[in-house]
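Have a look at the structure below before the remarks.
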Amino acid sequence: MRVLPSERLMSGSSEGDPLPGSRADLPPMIRRTEFVAFALAGLLLIAIIAVLYFAKAFFLPVVMAVVAGTMLSPAASFLERRRVPRALGAVLIVIAVTTVVAFVVALIAVPAMEWSSHLPELGAQLKEKMHVFDRPLALWKDLQTMVGGSDGLPSLPLPKVEWVQPTLEFVSPTFAEFLLFFATLILFIASWRDLRRAMIMTFGDRDARLRTLRILNEIEVHLGNYLLTVTVINVGVGIAAGIVCALTGMPNPAGLGALAATLNFIPIIGPVAMFVVLAVVGLVTFPTIGGGLMAALAFGGVTFMEGHFVTPTIIGRRLELNALAVFIALAFWTWLWGPMGAFLSSPLLIVALILKEHLMPVNSPQLPQE
């Protein structure tokens, strides 16, 4: 009797057993329980993001106060070692920081209010100087007509005065948010030591306590170093921008330098916004386009040196942040919480990386060579 190949293969194995070398003896890549766990984790993440978005008025001041309080806690500990009560030290630190911020805001606000009152005249001057681009635009229009494109160019109207109030309402928090922020900040700095002890003693296992202690210590040290280092770098950028504005004859170099230092706290977006501000102010102030763009181009050179050499050399040794991770965190937190979210993006990314390092240690397997 003729034996079929299938019968010959099944004669040496019981029915239902996988064939040797087949994929049936391998476990599935993702089990059903793991898929359900991933789905539930995704739904939980979406719910958390929705809560943070719709409850911004509460969570933004609280998170801002917690991050700032963690950054300023080493200063409170320093004062406490000098026999200054921690509660009094917290109040003194908040007053000092508020004074510095108010001084910087005053430097920026005076010229900003003066320029905003002359927006129609300044817009007319800027539009008049943009006539130098009429010939290139006309050539582009002719080229579009020859290739069968649209006959007209999209109009780019200059911004009107109506954008000022909505922008200020978007950027400026309410009085209740200010009050919540300052109260949370003072209380957090004053009670940070007790909060640390309570979080550590929450766990009964000794290893868990030690891990929590290491996490809290590392977060405090890294955020404190980040604030100090970035502040020093941004002050240097502000001084350089002020010198550039003074040398090029820009109006109010001190205010423009303070604005450059403030915007530089926001990665990527801040320097670009400052470049645009300097370009617009220069074009309105100077009679020629070359003279108007001189300060902006010089500031671009300063930020290029700072972004590619100074900051990576200083911060990169302490905090190795991936550029893509920084950009994605910046985009996400800016979308979620606006300008304050952009300021918080890097500190929150640092906290997330520290938690990942301690809670999910990486076991580095030996990968095959490509």
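Labels used: A, B, ... for chains in the order of the structure tokens, numbers from 1 for residues in each chain, and numbers from 1 for ligands as shown.
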
Self-check item: Shell around segment 211-225 of chain A at 9 Å using only C-alpha atoms, local window under 6 positions removed, as a VMD selection string
Solution: chain A and resid 67 to 68 70 to 75 196 to 197 199 to 200 203 315 318 to 319 347 350 to 351 354 to 355 358 to 359

Quiz item: If you count only C-alpha atoms, which residues fall within 8 Å of segment 47-58 of chain A, apart from same-chain ones fewer than 2 positions away, as a list of chain:residue names?
Solution: A:Leu43, A:Leu44, A:Leu45, A:Leu60, A:Pro61, A:Val62, A:Glu177, A:Leu336, A:Trp337

Okay, now the selection with N, CA, C and O atoms, as a PDB file, in the first residue's frame?
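Output saved as again_38.pdb:
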ATOM      1  N   LEU A  43      -5.916  53.205  27.607  1.00  0.00           N
ATOM      2  CA  LEU A  43      -7.119  53.935  28.031  1.00  0.00           C
ATOM      3  C   LEU A  43      -6.860  54.763  29.280  1.00  0.00           C
ATOM      4  O   LEU A  43      -7.358  55.894  29.410  1.00  0.00           O
ATOM      5  N   LEU A  44      -6.070  54.220  30.204  1.00  0.00           N
ATOM      6  CA  LEU A  44      -5.725  54.980  31.411  1.00  0.00           C
ATOM      7  C   LEU A  44      -4.907  56.210  31.058  1.00  0.00           C
ATOM      8  O   LEU A  44      -5.144  57.305  31.603  1.00  0.00           O
ATOM      9  N   LEU A  45      -3.969  56.062  30.122  1.00  0.00           N
ATOM     10  CA  LEU A  45      -3.156  57.208  29.707  1.00  0.00           C
ATOM     11  C   LEU A  45      -4.022  58.279  29.049  1.00  0.00           C
ATOM     12  O   LEU A  45      -3.851  59.481  29.319  1.00  0.00           O
ATOM     13  N   LEU A  60      -2.032  72.720  36.479  1.00  0.00           N
ATOM     14  CA  LEU A  60      -0.871  73.480  36.037  1.00  0.00           C
ATOM     15  C   LEU A  60      -0.208  74.247  37.184  1.00  0.00           C
ATOM     16  O   LEU A  60       1.026  74.141  37.351  1.00  0.00           O
ATOM     17  N   PRO A  61      -0.937  75.036  37.999  1.00  0.00           N
ATOM     18  CA  PRO A  61      -0.245  75.705  39.117  1.00  0.00           C
ATOM     19  C   PRO A  61       0.358  74.728  40.121  1.00  0.00           C
ATOM     20  O   PRO A  61       1.456  74.972  40.647  1.00  0.00           O
ATOM     21  N   VAL A  62      -0.337  73.613  40.377  1.00  0.00           N
ATOM     22  CA  VAL A  62       0.183  72.654  41.356  1.00  0.00           C
ATOM     23  C   VAL A  62       1.458  71.979  40.845  1.00  0.00           C
ATOM     24  O   VAL A  62       2.466  71.894  41.550  1.00  0.00           O
ATOM     25  N   GLU A 177      -5.132  81.198  40.019  1.00  0.00           N
ATOM     26  CA  GLU A 177      -4.015  80.311  39.691  1.00  0.00           C
ATOM     27  C   GLU A 177      -2.710  80.818  40.298  1.00  0.00           C
ATOM     28  O   GLU A 177      -1.894  80.023  40.771  1.00  0.00           O
ATOM     29  N   LEU A 336      -0.631  70.793  25.596  1.00  0.00           N
ATOM     30  CA  LEU A 336      -1.477  70.519  26.752  1.00  0.00           C
ATOM     31  C   LEU A 336      -1.678  71.744  27.621  1.00  0.00           C
ATOM     32  O   LEU A 336      -2.818  72.064  28.008  1.00  0.00           O
ATOM     33  N   TRP A 337      -0.580  72.473  27.921  1.00  0.00           N
ATOM     34  CA  TRP A 337      -0.652  73.558  28.904  1.00  0.00           C
ATOM     35  C   TRP A 337      -0.101  74.883  28.402  1.00  0.00           C
ATOM     36  O   TRP A 337       0.087  75.803  29.196  1.00  0.00           O
TER      37      TRP A 337
END

Return as JSON lines the residues of segment 36-124 of chain A lying at most 10 Å from segment 239-252 of chain A, together with the closest atom-to-atom pair for each and the distance in Å to one decimal, counting only C-alpha atoms, with rows in chain order and ascending residue number.
{"residue": "A:Leu107", "atom": "CA", "partner": "A:Asn252", "partner_atom": "CA", "distance": 9.2}
{"residue": "A:Ile108", "atom": "CA", "partner": "A:Asn252", "partner_atom": "CA", "distance": 9.5}
{"residue": "A:Val110", "atom": "CA", "partner": "A:Asn252", "partner_atom": "CA", "distance": 9.7}
{"residue": "A:Pro111", "atom": "CA", "partner": "A:Asn252", "partner_atom": "CA", "distance": 7.2}

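Take the candidates A:Leu228, A:Val237, A:Ala329, A:Ala352 and check each one against Gly300 of chain A using only C-alpha atoms; the shortest distance goes to A:Val237.
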
Self-check item: Exercise: Val84 of chain A partners within 12 Å, only C-alpha atoms, chain neighbours under 6 positions left out, as a PyMOL selection string
Solution: chain A and resi 75-78+90-93+190

Quiz item: Can you tell me how far atom CA of Trp335 of chain A sits from atom CA of Gly270 of chain A, in Å to one decimal?
Solution: 15.2 Å

Practice problem: Go ahead and compute the interatomic distance for atom CA of Thr303 of chain A and atom CA of Leu349 of chain A, in Å to one decimal. | Solution: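 Separation between atom CA of Thr303 of chain A and atom CA of Leu349 of chain A: 22.4 Å.
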